[in-house]
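See below for the structure under consideration.
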Amino acid sequence: MAKKDEKSHKNAPLIGIDIGGTGIKGGIVDLKKGKLLGERFRVPTPQPATPEAVAEAVALVVAELSARPEAPEAGSPVGVTFPGIIQHGVVHSAANVDKSWLDTDIDALLTKRLGRPVEVINDADAAGLAEARYGAGEGVAGTVLVITLGTGIGSAFIFDGKLVPNAELGHLEIDGHDAESKASAVARERDGLSWDEYSVLLQRYFSHVEFLFSPELFIVGGGISKRADEYLPNLKLRTPIVPAVLRNEAGIVGAALEIALQHKLAK
């Protein structure tokens, strides 16, 4: 009987929360399919985005999701993303939220506030993990690099389906510049570049990353992955390069997947 019960807990739905600079989004994740059950729920990120204020907003999102008929069991673990470097549950960078986050034990803060186990993962890592398991990287062995082009350049380093956390490949120095200062989506808009001009910068960036890591696959995410046909065909690489498929739900799905893997609730 115990064995059957144990199996039913594997891949059971879990809550994932994605903390961003402007919004905090959450959803109930079907871990078999990597999809949300029902609508995602969003609240604005409090300003200033201090640890206490964000913890309250996360609690609000979790309470709303927990009241739904498809909600996971009460007390089940919650996965959360954060836009910064997270090591052993502690925040080591906080570019888009309040500086008071630095050196905060975010795992402990949220676990205490929610009264259930919480583990936090970098937002780009979460999106990459989801994309590698359920999206464009499904079934690809070896190194898969998920690169998000947005305000900056986010990255996730996946090897044989497992995450190598906190790979900050947007901060590689290329031609004397931080790569994301020239090749992010925001930099393209700021500098008024055409897609062809932007493709030249992306070529320089992806060629450099390809040389360093020889990945099996590049997956490109972020808002402009919707316009991938404007620039991906211009890139000449040995490595296949494809757009991400999970879009805005990737962070929520990846957060739930990571905590499921940590608690051995998913294979």
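Every chain in the structure tokens takes a letter, A first, then B, and so on in the order presented; its residues are numbered from 1, and the ligands are numbered from 1 following the presented order.
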* Asked: Can you tell me, as a PyMOL selection string, what residues are no more than 12 Å from Lys25 of chain A when counting only C-alpha atoms, ignoring any on the same chain fewer than 3 positions away?
  -> chain A and resi 15-22+28+36+39-45+54+57-62+64-65+79-82+123+248-253+255
Please write the residues from the selection above to a file, keeping C-alpha atoms, as an mmCIF file, in the first residue's frame.
data_model
loop_
_atom_site.group_PDB
_atom_site.id
_atom_site.type_symbol
_atom_site.label_atom_id
_atom_site.label_comp_id
_atom_site.auth_asym_id
_atom_site.auth_seq_id
_atom_site.Cartn_x
_atom_site.Cartn_y
_atom_site.Cartn_z
ATOM 1 C CA ILE A 15 3.042 25.428 -7.004
ATOM 2 C CA GLY A 16 5.707 27.483 -8.787
ATOM 3 C CA ILE A 17 6.242 31.226 -8.174
ATOM 4 C CA ASP A 18 8.242 33.575 -10.419
ATOM 5 C CA ILE A 19 9.451 36.786 -8.702
ATOM 6 C CA GLY A 20 10.203 39.541 -11.223
ATOM 7 C CA GLY A 21 11.072 43.221 -11.033
ATOM 8 C CA THR A 22 7.521 44.305 -11.949
ATOM 9 C CA ILE A 28 -0.073 25.161 -10.325
ATOM 10 C CA LEU A 36 -0.025 25.073 -15.876
ATOM 11 C CA GLU A 39 -4.707 30.334 -15.117
ATOM 12 C CA ARG A 40 -1.563 31.833 -13.664
ATOM 13 C CA PHE A 41 -2.098 34.444 -10.935
ATOM 14 C CA ARG A 42 -0.127 37.689 -10.833
ATOM 15 C CA VAL A 43 0.297 40.559 -8.372
ATOM 16 C CA PRO A 44 2.498 43.639 -8.860
ATOM 17 C CA THR A 45 5.949 43.478 -7.241
ATOM 18 C CA VAL A 54 7.956 40.473 -1.380
ATOM 19 C CA ALA A 57 3.148 39.204 -1.935
ATOM 20 C CA VAL A 58 4.383 35.614 -2.462
ATOM 21 C CA ALA A 59 2.151 34.473 0.433
ATOM 22 C CA LEU A 60 -0.826 36.166 -1.254
ATOM 23 C CA VAL A 61 -0.173 34.344 -4.543
ATOM 24 C CA VAL A 62 0.289 30.975 -2.781
ATOM 25 C CA GLU A 64 -4.920 32.213 -3.963
ATOM 26 C CA LEU A 65 -3.512 29.151 -5.761
ATOM 27 C CA GLY A 79 9.379 26.391 -5.784
ATOM 28 C CA VAL A 80 10.274 30.061 -6.277
ATOM 29 C CA THR A 81 12.462 31.971 -8.748
ATOM 30 C CA PHE A 82 14.397 35.136 -7.922
ATOM 31 C CA ASP A 123 15.014 32.947 -12.614
ATOM 32 C CA ASN A 248 6.284 33.355 -20.074
ATOM 33 C CA GLU A 249 5.412 30.190 -18.163
ATOM 34 C CA ALA A 250 8.975 28.815 -18.148
ATOM 35 C CA GLY A 251 9.965 30.375 -14.800
ATOM 36 C CA ILE A 252 6.887 29.086 -12.972
ATOM 37 C CA VAL A 253 7.279 25.592 -14.455
ATOM 38 C CA ALA A 255 10.535 26.621 -10.110
#
* Residue nearest His88 of chain A among A:Val120, A:Ala74, A:Leu102, A:Ala228 (counting only C-alpha atoms) ->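 So, comparing all the options, the nearest one is A:Val120.
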* Do a neighbour search on Val245 of chain A at 10 Å with only C-alpha atoms, toss out local chain neighbours closer than 6 positions, and write the hits as a list of chain:residue names. => A:Ala130, A:Glu131, A:Tyr134, A:Gly135, A:Ala136, A:Gly137, A:Ile219, A:Val220, A:Gly221, A:Ser225, A:Lys226
* Near Gly223 of chain A, within 10 Å and counting only C-alpha atoms, which residues show up once chain neighbours fewer than 5 positions away are dropped, as a ChimeraX atom specification? -> /A:148-151,185,228,247-248
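Of the residues under consideration (A:Gly115, A:Gly222, A:Ile85, A:Leu145), A:Ile85 shows the shortest atom-to-atom contact distance to Asn166 of chain A when counting only C-alpha atoms.
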* What is the atom CA of Gly142 of chain A-atom CA of Val91 of chain A distance in Å, reported with one decimal? ->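 Rounded to one decimal, the two atoms are 28.8 Å apart.
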* To do: Counting only C-alpha atoms, figure out which residue out of A:Thr104, A:Ala55, A:Arg204, A:Lys267 gets nearest to Leu31 of chain A.
  =>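 Using only C-alpha atoms, Leu31 of chain A sits closest to A:Lys267.
The space between atom CA of Trp195 of chain A and atom CA of Gly176 of chain A spans 22.8 Å.
Straight-line separation from atom CA of Ala132 of chain A to atom CA of Pro243 of chain A: 12.0 Å.
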* Residue list (alpha helix (DSSP H), DSSP) for segment 12-130 of chain A, as a count of residues only -> 33
Any idea what's packed within 9 Å of segment 152-159 of chain A, counting only C-alpha atoms, ignoring anything in its chain fewer than 5 positions away? Could you give it as a tab-separated table (two decimals) with N, CA, C and O atoms, in the first residue's frame?
chain	number	residue	atom	x	y	z
A	123	ASP	N	16.12	32.97	-11.64
A	123	ASP	CA	15.01	32.95	-12.61
A	123	ASP	C	15.42	32.38	-13.98
A	123	ASP	O	14.67	31.61	-14.58
A	124	ALA	N	16.62	32.73	-14.44
A	124	ALA	CA	17.06	32.20	-15.74
A	124	ALA	C	17.32	30.69	-15.65
A	124	ALA	O	17.03	29.94	-16.59
A	125	ASP	N	17.86	30.25	-14.50
A	125	ASP	CA	18.09	28.82	-14.30
A	125	ASP	C	16.76	28.05	-14.35
A	125	ASP	O	16.67	26.98	-14.95
A	126	ALA	N	15.73	28.61	-13.70
A	126	ALA	CA	14.43	27.95	-13.68
A	126	ALA	C	13.86	27.83	-15.09
A	126	ALA	O	13.39	26.76	-15.50
A	127	ALA	N	13.91	28.93	-15.84
A	127	ALA	CA	13.38	28.91	-17.20
A	127	ALA	C	14.15	27.91	-18.06
A	127	ALA	O	13.56	27.16	-18.86
A	128	GLY	N	15.46	27.86	-17.88
A	128	GLY	CA	16.28	26.93	-18.65
A	128	GLY	C	15.99	25.48	-18.33
A	128	GLY	O	15.90	24.63	-19.23
A	129	LEU	N	15.81	25.21	-17.05
A	129	LEU	CA	15.51	23.84	-16.61
A	129	LEU	C	14.19	23.37	-17.23
A	129	LEU	O	14.09	22.25	-17.74
A	132	ALA	N	14.61	22.79	-20.98
A	132	ALA	CA	15.38	21.58	-21.28
A	132	ALA	C	14.56	20.31	-21.04
A	132	ALA	O	14.70	19.33	-21.76
A	141	ALA	N	20.83	15.11	-25.00
A	141	ALA	CA	21.91	14.77	-24.05
A	141	ALA	C	23.04	15.79	-24.19
A	141	ALA	O	23.11	16.54	-25.17
A	142	GLY	N	23.93	15.81	-23.19
A	142	GLY	CA	25.08	16.71	-23.23
A	142	GLY	C	24.71	18.12	-22.79
A	142	GLY	O	23.75	18.33	-22.06
A	143	THR	N	25.48	19.10	-23.27
A	143	THR	CA	25.32	20.48	-22.82
A	143	THR	C	24.28	21.22	-23.66
A	143	THR	O	24.39	21.29	-24.88
A	144	VAL	N	23.26	21.75	-22.96
A	144	VAL	CA	22.26	22.62	-23.59
A	144	VAL	C	22.38	23.98	-22.91
A	144	VAL	O	22.34	24.07	-21.67
A	145	LEU	N	22.55	25.04	-23.69
A	145	LEU	CA	22.63	26.39	-23.14
A	145	LEU	C	21.38	27.16	-23.52
A	145	LEU	O	21.06	27.30	-24.71
A	146	VAL	N	20.67	27.62	-22.50
A	146	VAL	CA	19.46	28.43	-22.72
A	146	VAL	C	19.85	29.89	-22.45
A	146	VAL	O	20.29	30.23	-21.36
A	147	ILE	N	19.71	30.71	-23.48
A	147	ILE	CA	20.12	32.12	-23.40
A	147	ILE	C	18.87	32.99	-23.56
A	147	ILE	O	18.16	32.85	-24.55
A	164	VAL	N	23.41	23.20	-13.99
A	164	VAL	CA	24.64	23.70	-13.36
A	164	VAL	C	24.32	25.16	-13.00
A	164	VAL	O	24.26	26.02	-13.88
A	165	PRO	N	24.03	25.45	-11.71
A	165	PRO	CA	23.40	26.74	-11.38
A	165	PRO	C	24.31	27.96	-11.52
A	165	PRO	O	25.54	27.86	-11.48
A	166	ASN	N	23.65	29.11	-11.66
A	166	ASN	CA	24.30	30.43	-11.61
A	166	ASN	C	25.38	30.66	-12.66
A	166	ASN	O	26.40	31.29	-12.39
A	167	ALA	N	25.15	30.16	-13.87
A	167	ALA	CA	26.08	30.46	-14.97
A	167	ALA	C	25.69	31.83	-15.54
A	167	ALA	O	24.64	31.98	-16.14
A	168	GLU	N	26.52	32.83	-15.30
A	168	GLU	CA	26.19	34.21	-15.72
A	168	GLU	C	26.88	34.52	-17.06
A	168	GLU	O	27.80	35.34	-17.14
A	169	LEU	N	26.40	33.86	-18.12
A	169	LEU	CA	27.08	33.99	-19.41
A	169	LEU	C	26.78	35.31	-20.12
A	169	LEU	O	27.41	35.64	-21.11
A	170	GLY	N	25.83	36.08	-19.59
A	170	GLY	CA	25.57	37.41	-20.15
A	170	GLY	C	26.65	38.41	-19.79
A	170	GLY	O	26.75	39.48	-20.39
A	171	HIS	N	27.48	38.04	-18.79
A	171	HIS	CA	28.52	38.95	-18.32
A	171	HIS	C	29.91	38.59	-18.85
A	171	HIS	O	30.91	39.09	-18.34
A	179	ALA	N	29.06	41.55	-22.34
A	179	ALA	CA	28.27	41.13	-23.52
A	179	ALA	C	26.86	41.70	-23.50
A	179	ALA	O	26.36	42.17	-24.52
A	180	GLU	N	26.21	41.68	-22.32
A	180	GLU	CA	24.80	42.12	-22.32
A	180	GLU	C	24.63	43.62	-22.56
A	180	GLU	O	23.57	44.06	-22.96
A	181	SER	N	25.72	44.38	-22.35
A	181	SER	CA	25.60	45.83	-22.60
A	181	SER	C	25.48	46.13	-24.10
A	181	SER	O	25.06	47.21	-24.49
A	183	ALA	N	24.56	43.25	-26.55
A	183	ALA	CA	23.79	42.25	-27.30
A	183	ALA	C	22.44	41.87	-26.68
A	183	ALA	O	21.77	40.98	-27.18
A	184	SER	N	22.03	42.55	-25.60
A	184	SER	CA	20.70	42.25	-25.03
A	184	SER	C	19.62	42.88	-25.92
A	184	SER	O	19.91	43.72	-26.78
A	185	ALA	N	18.36	42.47	-25.69
A	185	ALA	CA	17.25	43.04	-26.47
A	185	ALA	C	17.12	44.54	-26.19
A	185	ALA	O	16.84	45.33	-27.10
A	186	VAL	N	17.34	44.93	-24.94
A	186	VAL	CA	17.24	46.35	-24.57
A	186	VAL	C	18.33	47.16	-25.27
A	186	VAL	O	18.10	48.29	-25.73
A	187	ALA	N	19.54	46.57	-25.38
A	187	ALA	CA	20.64	47.27	-26.07
A	187	ALA	C	20.30	47.49	-27.54
A	187	ALA	O	20.62	48.54	-28.11
A	221	GLY	N	15.59	32.36	-25.50
A	221	GLY	CA	14.34	32.78	-24.89
A	221	GLY	C	14.31	34.29	-24.73
A	221	GLY	O	15.10	35.02	-25.32
A	222	GLY	N	13.37	34.75	-23.89
A	222	GLY	CA	13.18	36.20	-23.72
A	222	GLY	C	12.13	36.70	-24.69
A	222	GLY	O	11.73	35.99	-25.62
* Pick out the closest residue to Leu110 of chain A from this set: A:Ala53, A:Ala71, A:Ala12, A:Ala266. Count only C-alpha atoms. => A:Ala53
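Residues within 8 Å of Asp30 of chain A, counting only C-alpha atoms and excluding same-chain residues fewer than 5 positions away, are Asn11, Ala12, Pro13, Leu14, Lys35, Leu36 and Leu37 of chain A.
Distance check against Asn96 of chain A using only C-alpha atoms: of A:Pro48, A:Glu230, A:Leu201, A:Leu212, the minimum falls on A:Pro48.
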Output as a short mmCIF file (atom, residue, chain, number, x, y, z; two decimals) with N, CA, C and O atoms, in the first residue's frame all residues of segment 151-247 of chain A that backbone DSSP marks as strand (DSSP E or B).
data_model
loop_
_atom_site.label_atom_id
_atom_site.label_comp_id
_atom_site.auth_asym_id
_atom_site.auth_seq_id
_atom_site.Cartn_x
_atom_site.Cartn_y
_atom_site.Cartn_z
N ILE A 153 21.22 39.71 -20.51
CA ILE A 153 21.29 38.38 -21.12
C ILE A 153 21.33 37.38 -19.97
O ILE A 153 22.29 37.37 -19.18
N GLY A 154 20.28 36.59 -19.86
CA GLY A 154 20.26 35.53 -18.84
C GLY A 154 20.72 34.23 -19.46
O GLY A 154 20.69 34.06 -20.69
N SER A 155 21.16 33.30 -18.61
CA SER A 155 21.62 32.03 -19.17
C SER A 155 21.37 30.89 -18.19
O SER A 155 21.36 31.10 -16.97
N ALA A 156 21.15 29.71 -18.75
CA ALA A 156 21.06 28.49 -17.94
C ALA A 156 21.92 27.43 -18.62
O ALA A 156 21.85 27.25 -19.84
N PHE A 157 22.72 26.76 -17.82
CA PHE A 157 23.65 25.73 -18.29
C PHE A 157 23.08 24.38 -17.84
O PHE A 157 23.00 24.10 -16.65
N ILE A 158 22.65 23.57 -18.81
CA ILE A 158 22.05 22.26 -18.50
C ILE A 158 22.97 21.18 -19.07
O ILE A 158 23.39 21.27 -20.23
N PHE A 159 23.29 20.17 -18.25
CA PHE A 159 24.10 19.05 -18.75
C PHE A 159 23.36 17.75 -18.45
O PHE A 159 23.06 17.45 -17.29
N LYS A 162 20.46 18.04 -16.23
CA LYS A 162 20.66 18.57 -14.88
C LYS A 162 21.23 19.98 -14.95
O LYS A 162 22.05 20.29 -15.81
N LEU A 163 20.79 20.81 -14.02
CA LEU A 163 21.19 22.21 -14.00
C LEU A 163 22.55 22.41 -13.35
O LEU A 163 22.83 21.86 -12.29
N VAL A 164 23.41 23.20 -13.99
CA VAL A 164 24.64 23.70 -13.36
C VAL A 164 24.32 25.16 -13.00
O VAL A 164 24.26 26.02 -13.88
N GLU A 173 33.02 38.97 -21.10
CA GLU A 173 33.57 40.18 -21.73
C GLU A 173 33.91 39.87 -23.19
O GLU A 173 34.61 38.91 -23.49
N ILE A 174 33.34 40.67 -24.07
CA ILE A 174 33.61 40.51 -25.51
C ILE A 174 34.01 41.87 -26.07
O ILE A 174 33.29 42.86 -25.90
N HIS A 177 33.77 44.77 -23.70
CA HIS A 177 32.47 45.16 -23.13
C HIS A 177 31.81 43.95 -22.48
O HIS A 177 32.00 42.82 -22.91
N ASP A 178 31.01 44.22 -21.45
CA ASP A 178 30.12 43.22 -20.88
C ASP A 178 29.16 42.83 -22.01
O ASP A 178 28.50 43.70 -22.58
N LEU A 217 23.22 22.19 -28.14
CA LEU A 217 22.07 22.98 -28.56
C LEU A 217 22.06 24.33 -27.85
O LEU A 217 22.36 24.41 -26.65
N PHE A 218 21.71 25.39 -28.58
CA PHE A 218 21.38 26.69 -28.01
C PHE A 218 19.86 26.86 -28.09
O PHE A 218 19.27 26.61 -29.14
N ILE A 219 19.27 27.31 -26.98
CA ILE A 219 17.84 27.68 -26.99
C ILE A 219 17.77 29.15 -26.63
O ILE A 219 18.34 29.58 -25.62
N VAL A 220 17.08 29.94 -27.46
CA VAL A 220 17.00 31.39 -27.23
C VAL A 220 15.62 31.75 -26.71
O VAL A 220 14.60 31.48 -27.36
N GLY A 221 15.59 32.36 -25.50
CA GLY A 221 14.34 32.78 -24.89
C GLY A 221 14.31 34.29 -24.73
O GLY A 221 15.10 35.02 -25.32
N ILE A 241 20.57 26.17 -33.21
CA ILE A 241 20.05 27.23 -32.35
C ILE A 241 18.56 27.42 -32.65
O ILE A 241 18.18 27.59 -33.81
N VAL A 242 17.73 27.29 -31.62
CA VAL A 242 16.27 27.30 -31.80
C VAL A 242 15.61 28.22 -30.78
O VAL A 242 16.17 28.48 -29.71
N PRO A 243 14.40 28.73 -31.08
CA PRO A 243 13.70 29.55 -30.10
C PRO A 243 13.10 28.70 -28.97
O PRO A 243 12.77 27.53 -29.18
#
